[in-house]
file query.csv (CSV, C-alpha atoms)
chain,number,residue,atom,x,y,z
H,1,MET,CA,0.0,0.0,0.0
H,2,MET,CA,1.3,3.4,-0.9
H,3,ASP,CA,2.0,5.7,2.0
H,4,ARG,CA,0.2,9.0,2.1
H,5,VAL,CA,1.3,12.4,3.6
H,6,ASN,CA,-1.2,14.8,5.1
H,7,LEU,CA,-1.0,18.4,4.1
H,8,ASN,CA,-4.0,19.5,6.2
H,9,PRO,CA,-6.9,17.7,7.9
H,10,ASP,CA,-8.8,17.5,4.6
H,11,LEU,CA,-6.0,16.7,2.1
H,12,SER,CA,-3.3,14.1,1.7
H,13,LEU,CA,-1.0,13.2,-1.2
H,14,SER,CA,0.4,9.9,-2.3
H,15,ARG,CA,4.1,9.6,-1.1
H,16,LEU,CA,5.2,9.3,-4.8
H,17,VAL,CA,3.9,11.9,-7.2
H,18,TYR,CA,3.6,11.6,-11.0
H,19,GLY,CA,5.2,14.6,-12.7
H,20,MET,CA,3.5,15.9,-15.9
H,21,TRP,CA,6.2,18.3,-17.0
H,22,ARG,CA,6.6,16.5,-20.3
H,23,LEU,CA,3.0,15.3,-20.8
H,24,GLY,CA,2.6,17.5,-23.9
H,25,ASP,CA,5.9,16.4,-25.4
H,26,ASP,CA,4.8,12.8,-26.0
H,27,ALA,CA,4.2,11.7,-29.5
H,28,ASP,CA,0.7,10.5,-28.3
H,29,THR,CA,-1.2,13.1,-26.3
H,30,SER,CA,-4.6,11.5,-26.9
H,31,ALA,CA,-7.1,11.2,-24.0
H,32,GLY,CA,-6.8,7.5,-24.0
H,33,HIS,CA,-3.0,7.5,-23.8
H,34,VAL,CA,-2.9,10.0,-21.0
H,35,GLN,CA,-5.5,8.0,-19.1
H,36,ALA,CA,-3.4,4.9,-19.5
H,37,LYS,CA,-0.5,6.7,-17.8
H,38,ILE,CA,-2.9,7.8,-15.0
H,39,ASP,CA,-4.3,4.3,-14.7
H,40,ALA,CA,-0.7,2.9,-14.4
H,41,CYS,CA,-0.1,5.3,-11.5
H,42,LEU,CA,-3.4,4.5,-9.8
H,43,ALA,CA,-2.6,0.8,-9.9
H,44,GLN,CA,0.4,1.5,-7.7
H,45,GLY,CA,-1.5,3.9,-5.3
H,46,ILE,CA,0.0,7.0,-6.9
H,47,THR,CA,-2.9,9.4,-6.9
H,48,THR,CA,-1.1,12.8,-7.0
H,49,MET,CA,-0.4,14.4,-10.4
H,50,ASP,CA,2.0,17.4,-10.6
H,51,GLN,CA,1.4,20.1,-13.1
H,52,ALA,CA,2.2,23.7,-13.8
H,53,ASP,CA,0.7,26.4,-16.0
H,54,ILE,CA,4.0,26.8,-17.9
H,55,TYR,CA,4.6,23.1,-18.6
H,56,GLY,CA,4.5,22.3,-22.3
H,57,ASP,CA,4.6,26.0,-23.3
H,58,TYR,CA,1.4,26.5,-21.3
H,59,GLY,CA,-0.2,23.5,-22.9
H,60,ALA,CA,0.3,20.5,-20.6
H,61,GLU,CA,-2.6,21.3,-18.3
H,62,ALA,CA,-5.0,21.2,-21.3
H,63,VAL,CA,-3.6,17.8,-22.3
H,64,LEU,CA,-4.6,16.5,-18.9
H,65,GLY,CA,-7.9,18.3,-19.1
H,66,HIS,CA,-8.7,16.5,-22.4
H,67,ALA,CA,-8.3,13.2,-20.6
H,68,LEU,CA,-10.4,14.2,-17.6
H,69,ARG,CA,-13.2,15.4,-19.9
H,70,ALA,CA,-13.1,12.0,-21.6
H,71,ALA,CA,-13.3,10.1,-18.3
H,72,PRO,CA,-15.4,12.2,-15.9
H,73,GLY,CA,-15.0,9.8,-13.0
H,74,LEU,CA,-11.2,10.0,-13.1
H,75,ARG,CA,-10.9,13.5,-11.5
H,76,ASP,CA,-12.2,12.3,-8.1
H,77,GLN,CA,-9.5,9.7,-7.9
H,78,LEU,CA,-6.7,12.2,-8.1
H,79,GLU,CA,-5.0,15.1,-6.3
H,80,ILE,CA,-3.9,17.7,-8.8
H,81,VAL,CA,-0.9,20.0,-8.0
H,82,THR,CA,-0.2,22.9,-10.2
H,83,LYS,CA,2.0,26.0,-10.1
H,84,CYS,CA,1.8,29.6,-11.3
H,85,GLY,CA,3.9,32.8,-11.3
H,86,ILE,CA,6.3,32.3,-14.3
H,87,VAL,CA,5.6,34.4,-17.4
H,88,ALA,CA,7.8,33.2,-20.3
H,89,PRO,CA,7.7,34.4,-24.0
H,90,CYS,CA,5.9,31.3,-25.4
H,91,GLY,CA,2.4,30.0,-25.7
H,92,ARG,CA,-0.2,32.4,-24.3
H,93,TYR,CA,2.5,34.9,-23.3
H,94,ALA,CA,4.4,34.8,-26.7
H,95,ASP,CA,4.4,38.6,-26.9
H,96,VAL,CA,6.0,39.4,-23.5
H,97,ALA,CA,9.3,41.2,-23.7
H,98,CYS,CA,11.2,38.8,-21.4
H,99,LYS,CA,10.8,35.9,-19.0
H,100,HIS,CA,9.8,37.2,-15.6
H,101,TYR,CA,7.8,36.3,-12.5
H,102,ASP,CA,4.4,37.7,-11.6
H,103,THR,CA,3.0,37.0,-8.1
H,104,SER,CA,0.5,39.9,-8.2
H,105,GLY,CA,-3.0,39.1,-7.0
H,106,ALA,CA,-4.5,39.6,-10.5
H,107,HIS,CA,-2.0,37.3,-12.1
H,108,ILE,CA,-2.4,34.5,-9.6
H,109,ARG,CA,-6.2,34.6,-9.9
H,110,ALA,CA,-6.1,34.7,-13.7
H,111,SER,CA,-3.6,31.8,-13.7
H,112,VAL,CA,-5.9,29.7,-11.4
H,113,GLU,CA,-8.9,30.4,-13.5
H,114,GLY,CA,-7.0,29.3,-16.6
H,115,SER,CA,-5.8,26.2,-14.9
H,116,LEU,CA,-9.3,25.2,-13.7
H,117,ARG,CA,-10.6,25.7,-17.2
H,118,ASP,CA,-7.7,23.9,-19.0
H,119,MET,CA,-7.8,20.9,-16.6
H,120,ALA,CA,-11.6,20.6,-16.6
H,121,THR,CA,-11.9,20.8,-12.9
H,122,ASP,CA,-13.6,22.9,-10.3
H,123,ARG,CA,-10.7,22.9,-7.8
H,124,ILE,CA,-7.0,22.6,-7.5
H,125,ASP,CA,-5.9,20.4,-4.6
H,126,LEU,CA,-2.5,22.1,-4.2
H,127,LEU,CA,-1.4,25.4,-5.7
H,128,LEU,CA,2.3,26.4,-5.6
H,129,ILE,CA,4.0,29.7,-6.3
H,130,HIS,CA,6.6,28.4,-8.8
H,131,ARG,CA,9.6,30.6,-8.1
H,132,PRO,CA,10.6,33.3,-5.6
H,133,ASP,CA,9.6,36.7,-7.1
H,134,PRO,CA,12.0,39.6,-6.1
H,135,LEU,CA,9.0,41.9,-6.7
H,136,MET,CA,6.6,40.0,-4.6
H,137,ASP,CA,4.4,41.9,-2.3
H,138,ALA,CA,3.8,39.3,0.4
H,139,ASP,CA,0.5,41.0,1.6
H,140,GLU,CA,-0.9,41.1,-1.9
H,141,THR,CA,0.2,37.6,-2.8
H,142,GLY,CA,-0.9,36.2,0.5
H,143,ALA,CA,-4.3,37.8,0.3
H,144,ALA,CA,-4.8,36.3,-3.1
H,145,LEU,CA,-3.9,32.8,-2.0
H,146,ASP,CA,-6.1,33.1,1.2
H,147,ALA,CA,-9.0,34.2,-1.0
H,148,LEU,CA,-8.7,31.3,-3.4
H,149,VAL,CA,-8.7,28.8,-0.4
H,150,ALA,CA,-11.7,30.6,1.1
H,151,GLU,CA,-13.6,30.3,-2.2
H,152,GLY,CA,-12.8,26.6,-2.4
H,153,LYS,CA,-11.0,26.9,-5.7
H,154,VAL,CA,-7.8,25.8,-4.1
H,155,ARG,CA,-7.6,23.3,-1.2
H,156,ALA,CA,-4.0,24.0,-0.1
H,157,VAL,CA,-1.2,26.3,-1.0
H,158,GLY,CA,2.5,26.1,-1.0
H,159,VAL,CA,5.7,27.2,-2.8
H,160,SER,CA,8.4,25.9,-5.1
H,161,ASN,CA,12.1,26.7,-5.1
H,162,PHE,CA,11.7,29.0,-2.1
H,163,ARG,CA,14.5,29.4,0.5
H,164,PRO,CA,13.5,29.6,4.2
H,165,TRP,CA,13.4,33.4,4.2
H,166,ASP,CA,11.2,33.5,1.1
H,167,VAL,CA,8.8,31.1,2.9
H,168,GLU,CA,8.7,33.3,6.0
H,169,LEU,CA,8.1,36.4,4.0
H,170,LEU,CA,5.1,35.0,2.2
H,171,GLN,CA,3.7,33.3,5.3
H,172,SER,CA,3.8,36.7,7.1
H,173,GLY,CA,1.3,38.0,4.6
H,174,MET,CA,-1.3,35.2,4.8
H,175,SER,CA,-3.4,33.3,7.3
H,176,THR,CA,-3.5,29.9,5.4
H,177,PRO,CA,-0.5,27.8,6.4
H,178,LEU,CA,2.0,27.1,3.5
H,179,ALA,CA,1.8,23.4,3.2
H,180,THR,CA,4.9,22.4,1.3
H,181,ASN,CA,7.9,23.5,-0.7
H,182,GLN,CA,8.9,21.7,-3.9
H,183,ILE,CA,12.6,21.9,-4.3
H,184,GLU,CA,15.4,20.3,-6.4
H,185,LEU,CA,16.6,17.4,-4.3
H,186,SER,CA,18.4,14.2,-5.3
H,187,LEU,CA,21.7,12.3,-5.0
H,188,GLY,CA,22.8,14.8,-7.7
H,189,ALA,CA,21.5,17.9,-5.7
H,190,LEU,CA,22.5,17.4,-2.1
H,191,ALA,CA,22.7,21.0,-0.9
H,192,PRO,CA,19.3,21.0,0.9
H,193,PHE,CA,20.5,18.3,3.3
H,194,THR,CA,23.1,20.7,4.8
H,195,ASN,CA,22.2,24.3,3.8
H,196,GLY,CA,19.2,24.5,6.2
H,197,ASP,CA,16.4,24.0,3.7
H,198,LEU,CA,15.3,20.6,4.9
H,199,ALA,CA,16.0,21.5,8.5
H,200,PHE,CA,13.7,24.6,8.2
H,201,HIS,CA,10.8,22.5,6.9
H,202,GLN,CA,11.4,19.7,9.4
H,203,ARG,CA,11.1,22.3,12.2
H,204,ARG,CA,7.9,23.6,10.6
H,205,ARG,CA,6.7,19.9,10.2
H,206,ASP,CA,6.1,20.6,6.5
H,207,PRO,CA,6.6,17.8,4.0
H,208,VAL,CA,8.9,18.6,1.2
H,209,MET,CA,8.4,17.7,-2.5
H,210,ALA,CA,11.5,16.8,-4.5
H,211,TRP,CA,11.6,17.7,-8.2
H,212,SER,CA,14.1,16.0,-10.5
H,213,PRO,CA,14.8,13.2,-8.0
H,214,LEU,CA,16.8,11.4,-10.7
H,215,GLY,CA,19.0,14.4,-11.3
H,216,GLY,CA,17.3,15.1,-14.7
H,217,GLY,CA,18.2,11.5,-15.7
H,218,ARG,CA,21.9,12.0,-15.0
H,219,LEU,CA,21.8,9.5,-12.2
H,220,MET,CA,20.7,6.8,-14.6
H,221,THR,CA,23.9,7.0,-16.6
H,222,ASP,CA,26.4,8.0,-13.9
H,223,LYS,CA,29.6,6.1,-14.2
H,224,SER,CA,31.3,7.4,-11.0
H,225,ALA,CA,31.5,5.7,-7.7
H,226,LEU,CA,27.9,6.8,-7.2
H,227,GLY,CA,26.7,4.8,-10.2
H,228,THR,CA,28.6,1.7,-8.9
H,229,ALA,CA,27.0,2.1,-5.5
H,230,LEU,CA,23.5,2.4,-7.0
H,231,ASP,CA,24.0,-0.6,-9.2
H,232,GLY,CA,25.3,-2.7,-6.3
H,233,MET,CA,22.4,-1.9,-4.0
H,234,ALA,CA,19.9,-2.1,-6.8
H,235,ALA,CA,21.0,-5.7,-7.5
H,236,GLU,CA,20.8,-6.5,-3.8
H,237,PHE,CA,17.2,-5.3,-3.6
H,238,GLY,CA,16.1,-6.5,-7.0
H,239,VAL,CA,15.2,-3.1,-8.4
H,240,ASP,CA,16.8,-0.6,-10.8
H,241,ARG,CA,18.8,2.5,-10.3
H,242,ALA,CA,15.8,4.8,-10.4
H,243,ALA,CA,14.2,3.0,-7.5
H,244,MET,CA,17.4,3.1,-5.5
H,245,ALA,CA,17.8,6.9,-6.0
H,246,VAL,CA,14.2,7.5,-5.0
H,247,ALA,CA,14.5,5.2,-2.0
H,248,PHE,CA,17.4,7.3,-0.8
H,249,LEU,CA,15.0,10.3,-0.6
H,250,LEU,CA,12.1,8.2,1.0
H,251,HIS,CA,14.4,7.1,3.8
H,252,HIS,CA,14.9,10.7,5.1
H,253,PRO,CA,12.7,11.7,8.0
H,254,ALA,CA,11.6,15.0,6.3
H,255,ARG,CA,8.7,13.1,4.6
H,256,ILE,CA,10.1,13.9,1.1
H,257,LEU,CA,7.6,13.3,-1.7
H,258,PRO,CA,9.6,12.6,-4.9
H,259,VAL,CA,8.0,13.9,-8.2
H,260,LEU,CA,8.8,11.5,-11.0
H,261,GLY,CA,8.1,12.3,-14.6
H,262,THR,CA,8.2,10.0,-17.6
H,263,ASN,CA,6.1,9.3,-20.7
H,264,SER,CA,7.1,5.7,-20.8
H,265,LEU,CA,4.3,3.4,-19.6
H,266,ALA,CA,6.9,0.7,-18.8
H,267,ARG,CA,8.8,3.1,-16.5
H,268,ILE,CA,5.6,4.5,-15.0
H,269,ALA,CA,4.7,0.9,-14.0
H,270,ARG,CA,7.9,0.7,-12.0
H,271,ILE,CA,7.8,3.9,-10.1
H,272,ALA,CA,6.5,2.3,-6.9
H,273,ASP,CA,9.5,-0.2,-6.8
H,274,ALA,CA,11.2,2.4,-4.7
H,275,VAL,CA,8.9,1.7,-1.7
H,276,LYS,CA,10.1,-2.0,-1.7
H,277,VAL,CA,13.6,-0.8,-0.7
H,278,ASP,CA,14.3,-0.6,3.1
H,279,LEU,CA,17.7,1.0,3.4
H,280,SER,CA,19.7,0.8,6.5
H,281,ARG,CA,21.4,3.9,7.9
H,282,ALA,CA,24.8,2.6,6.7
H,283,GLN,CA,23.5,2.0,3.2
H,284,TRP,CA,22.0,5.5,3.1
H,285,PHE,CA,25.3,7.0,4.1
H,286,GLN,CA,27.1,4.8,1.5
H,287,LEU,CA,25.0,6.5,-1.2
H,288,TYR,CA,25.4,9.9,0.4
H,289,GLU,CA,29.2,9.6,0.6
H,290,ALA,CA,29.4,8.3,-3.0
H,291,ALA,CA,27.4,11.2,-4.2
H,292,GLN,CA,29.7,13.7,-2.3
H,293,GLY,CA,32.8,11.9,-3.5
H,294,GLN,CA,34.2,11.6,0.0
H,295,GLU,CA,33.3,10.2,3.4
H,296,VAL,CA,31.5,12.4,6.0
H,297,PRO,CA,33.9,14.3,8.4
call {"tool": "encode", "arguments": {"input": "query.csv", "output": "structure tokens"}}
result
Amino acid sequence: MMDRVNLNPDLSLSRLVYGMWRLGDDADTSAGHVQAKIDACLAQGITTMDQADIYGDYGAEAVLGHALRAAPGLRDQLEIVTKCGIVAPCGRYADVACKHYDTSGAHIRASVEGSLRDMATDRIDLLLIHRPDPLMDADETGAALDALVAEGKVRAVGVSNFRPWDVELLQSGMSTPLATNQIELSLGALAPFTNGDLAFHQRRRDPVMAWSPLGGGRLMTDKSALGTALDGMAAEFGVDRAAMAVAFLLHHPARILPVLGTNSLARIARIADAVKVDLSRAQWFQLYEAAQGQEVP
């Protein structure tokens, strides 16, 4: 059975999350093929889907929405995560002068309304501010997020790629607790283990979502001591490198939720292999030290 992590008394996410960053890049974006991916996740207890308005040049949410329209009962089996706040010169924003961030109340509301429409749903389970905005007005941004929760359009709110001080600033302008922070975290991106990011969220008792838990695929082809260690342990547990790299994150007490994205049905079907791995403390440190290239002090 897939573990679940509570974000608030009314919302929990599956411990493993399916990332839809490349959903619109697949050669087959038909409703049936997208539903097959979702069904493969559901068969493993993976119920949480990770989206963002910007994914697929602002088109991936609509690809998901097409599938949900074709199978109306599917939506209630899922938790949908999406993000807003990045404005890039592509898709609906093709005419903007440069890539920038917009956390104004008006932009957040417009983004949410667009996401609801594109994904054919009446609520977003978890809305994340995608990147820290140096022009963010915490009171304005916070009020917009609070209002969306109060209206029932969003069930929980959080952030992505925020540092602790960014979280504290935004939280100071709102009454709804920020539920999570989605950050880059993997055996190829170890900084949060020691720079205070994980410690900050552990102190707040916030679960952390990990994007790119396979290092953007680099961990799958790594030929260093880390690759050797992953292969050795993978053979011991009867899984592949991907499962070992994800198990490394699952072992940490910060309640990390890895976000795994692939368009391969065969790979989707193996995502949950990571939960079969029960690392010892020594094995965790073997991977940690191999990734660092040296033993701990």
call {"tool": "residues_around", "arguments": {"input": "query.csv", "residues": "H:Ser224", "least_positions_apart": "6", "cutoff": "9 Å", "atoms": "all atoms listed in the file", "output": "PyMOL selection string"}}
result
chain H and resi 290-291+293
call {"tool": "atom_distance", "arguments": {"input": "query.csv", "atom1": "atom CA of H:Ala70", "atom2": "atom CA of H:Arg267"}}
result
24.2 Å
call {"tool": "residues_around", "arguments": {"input": "query.csv", "residues": "H:Arg255", "least_positions_apart": "5", "cutoff": "8 Å", "atoms": "all atoms listed in the file", "output": "list of chain:residue names"}}
result
H:Val5, H:Pro207, H:Val208, H:Leu250
call {"tool": "closest_residue", "arguments": {"input": "query.csv", "among": "H:Ala71, H:Gly91, H:Ala97, H:Gln51", "to": "H:Leu116", "atoms": "all atoms listed in the file"}}
result
H:Gln51
call {"tool": "residues_near_point", "arguments": {"input": "query.csv", "point": "(-11.9, 22.2, -3.2)", "cutoff": "10 Å", "atoms": "all atoms listed in the file", "output": "list in words"}}
result
Asp10, Leu11, Thr121, Asp122, Arg123, Ile124, Asp125, Leu126, Leu148, Val149, Ala150, Glu151, Gly152, Lys153, Val154, Arg155 and Ala156 of chain H
call {"tool": "write_last_selection", "arguments": {"input": "query.csv", "atoms": "C-alpha atoms", "output": "PDB file, in the frame of the given file"}}
result
ATOM      1  CA  ASP H  10      -8.800  17.500   4.600  1.00  0.00           C
ATOM      2  CA  LEU H  11      -6.000  16.700   2.100  1.00  0.00           C
ATOM      3  CA  THR H 121     -11.900  20.800 -12.900  1.00  0.00           C
ATOM      4  CA  ASP H 122     -13.600  22.900 -10.300  1.00  0.00           C
ATOM      5  CA  ARG H 123     -10.700  22.900  -7.800  1.00  0.00           C
ATOM      6  CA  ILE H 124      -7.000  22.600  -7.500  1.00  0.00           C
ATOM      7  CA  ASP H 125      -5.900  20.400  -4.600  1.00  0.00           C
ATOM      8  CA  LEU H 126      -2.500  22.100  -4.200  1.00  0.00           C
ATOM      9  CA  LEU H 148      -8.700  31.300  -3.400  1.00  0.00           C
ATOM     10  CA  VAL H 149      -8.700  28.800  -0.400  1.00  0.00           C
ATOM     11  CA  ALA H 150     -11.700  30.600   1.100  1.00  0.00           C
ATOM     12  CA  GLU H 151     -13.600  30.300  -2.200  1.00  0.00           C
ATOM     13  CA  GLY H 152     -12.800  26.600  -2.400  1.00  0.00           C
ATOM     14  CA  LYS H 153     -11.000  26.900  -5.700  1.00  0.00           C
ATOM     15  CA  VAL H 154      -7.800  25.800  -4.100  1.00  0.00           C
ATOM     16  CA  ARG H 155      -7.600  23.300  -1.200  1.00  0.00           C
ATOM     17  CA  ALA H 156      -4.000  24.000  -0.100  1.00  0.00           C
TER      18      ALA H 156
END
call {"tool": "atom_distance", "arguments": {"input": "query.csv", "atom1": "atom CA of H:Leu23", "atom2": "atom CA of H:Val239"}}
result
25.3 Å
call {"tool": "residues_around", "arguments": {"input": "query.csv", "residues": "H:Asp278", "least_positions_apart": "5", "cutoff": "12 Å", "atoms": "all atoms listed in the file", "output": "list in words"}}
result
Met233, Ala234, Glu236, Phe237, Gly238, Val239, Ala243, Met244, Val246, Ala247, Phe248, Leu249, Leu250, His251, His252, Asp273, Gln283 and Trp284 of chain H
call {"tool": "atom_distance", "arguments": {"input": "query.csv", "atom1": "atom CA of H:Ala245", "atom2": "atom CA of H:Asp57"}}
result
29.0 Å
call {"tool": "closest_residue", "arguments": {"input": "query.csv", "among": "H:Gly65, H:Tyr58, H:Gly105, H:Gly227", "to": "H:Pro89", "atoms": "all atoms listed in the file"}}
result
H:Tyr58
call {"tool": "closest_residue", "arguments": {"input": "query.csv", "among": "H:Ala272, H:Cys90, H:Leu128, H:Ala254", "to": "H:Asn181", "atoms": "all atoms listed in the file"}}
result
H:Leu128
call {"tool": "closest_residue", "arguments": {"input": "query.csv", "among": "H:Met220, H:Glu61, H:Pro253, H:Arg241", "to": "H:Ala199", "atoms": "all atoms listed in the file"}}
result
H:Pro253
call {"tool": "closest_residue", "arguments": {"input": "query.csv", "among": "H:Ser104, H:Gln294, H:Gln286, H:Thr48", "to": "H:Ala229", "atoms": "all atoms listed in the file"}}
result
H:Gln286
call {"tool": "closest_residue", "arguments": {"input": "query.csv", "among": "H:Lys37, H:His130, H:Arg69, H:Lys99", "to": "H:Asp53", "atoms": "only C-alpha atoms"}}
result
H:His130
call {"tool": "residues_around", "arguments": {"input": "query.csv", "residues": "stretch 184-198 of chain H", "least_positions_apart": "2", "cutoff": "6 Å", "atoms": "only C-alpha atoms", "output": "VMD selection string"}}
result
chain H and resid 200 to 201 210 to 211 213 215 291
call {"tool": "write_last_selection", "arguments": {"input": "query.csv", "atoms": "C-alpha atoms", "output": "compact mmCIF listing (two decimals), in the coordinates of the input"}}
result
# COMPACT_ATOMS: atom_id res chain seq x y z
CA PHE H 200 13.70 24.60 8.20
CA HIS H 201 10.80 22.50 6.90
CA ALA H 210 11.50 16.80 -4.50
CA TRP H 211 11.60 17.70 -8.20
CA PRO H 213 14.80 13.20 -8.00
CA GLY H 215 19.00 14.40 -11.30
CA ALA H 291 27.40 11.20 -4.20
call {"tool": "build_atoms", "arguments": {"input": "query.csv", "residues": "stretch 125-140 of chain H", "atoms": "N, CA and C atoms", "output": "tab-separated table (two decimals), keeping the file's coordinate frame"}}
result
chain	number	residue	atom	x	y	z
H	125	ASP	N	-6.11	20.97	-5.98
H	125	ASP	CA	-5.90	20.40	-4.60
H	125	ASP	C	-4.69	21.14	-3.96
H	126	LEU	N	-3.65	21.45	-4.72
H	126	LEU	CA	-2.50	22.10	-4.20
H	126	LEU	C	-1.95	23.11	-5.19
H	127	LEU	N	-1.92	24.38	-4.85
H	127	LEU	CA	-1.40	25.40	-5.70
H	127	LEU	C	-0.04	25.90	-5.16
H	128	LEU	N	0.99	25.92	-6.01
H	128	LEU	CA	2.30	26.40	-5.60
H	128	LEU	C	2.71	27.62	-6.35
H	129	ILE	N	3.33	28.57	-5.64
H	129	ILE	CA	4.00	29.70	-6.30
H	129	ILE	C	5.32	29.13	-6.84
H	130	HIS	N	5.53	29.20	-8.15
H	130	HIS	CA	6.60	28.40	-8.80
H	130	HIS	C	7.99	28.83	-8.49
H	131	ARG	N	8.22	30.12	-8.36
H	131	ARG	CA	9.60	30.60	-8.10
H	131	ARG	C	9.50	31.84	-7.18
H	132	PRO	N	10.51	32.08	-6.37
H	132	PRO	CA	10.60	33.30	-5.60
H	132	PRO	C	10.57	34.52	-6.53
H	133	ASP	N	9.78	35.51	-6.22
H	133	ASP	CA	9.60	36.70	-7.10
H	133	ASP	C	10.28	37.88	-6.32
H	134	PRO	N	11.36	38.47	-6.85
H	134	PRO	CA	12.00	39.60	-6.10
H	134	PRO	C	11.09	40.80	-6.01
H	135	LEU	N	10.00	40.85	-6.79
H	135	LEU	CA	9.00	41.90	-6.70
H	135	LEU	C	7.78	41.54	-5.93
H	136	MET	N	7.82	40.41	-5.25
H	136	MET	CA	6.60	40.00	-4.60
H	136	MET	C	6.23	40.89	-3.42
H	137	ASP	N	4.95	41.25	-3.40
H	137	ASP	CA	4.40	41.90	-2.30
H	137	ASP	C	3.67	40.86	-1.45
H	138	ALA	N	4.25	40.49	-0.33
H	138	ALA	CA	3.80	39.30	0.40
H	138	ALA	C	2.32	39.53	0.88
H	139	ASP	N	1.93	40.75	1.21
H	139	ASP	CA	0.50	41.00	1.60
H	139	ASP	C	-0.43	40.76	0.48
H	140	GLU	N	-0.06	41.25	-0.70
H	140	GLU	CA	-0.90	41.10	-1.90
H	140	GLU	C	-0.99	39.61	-2.30
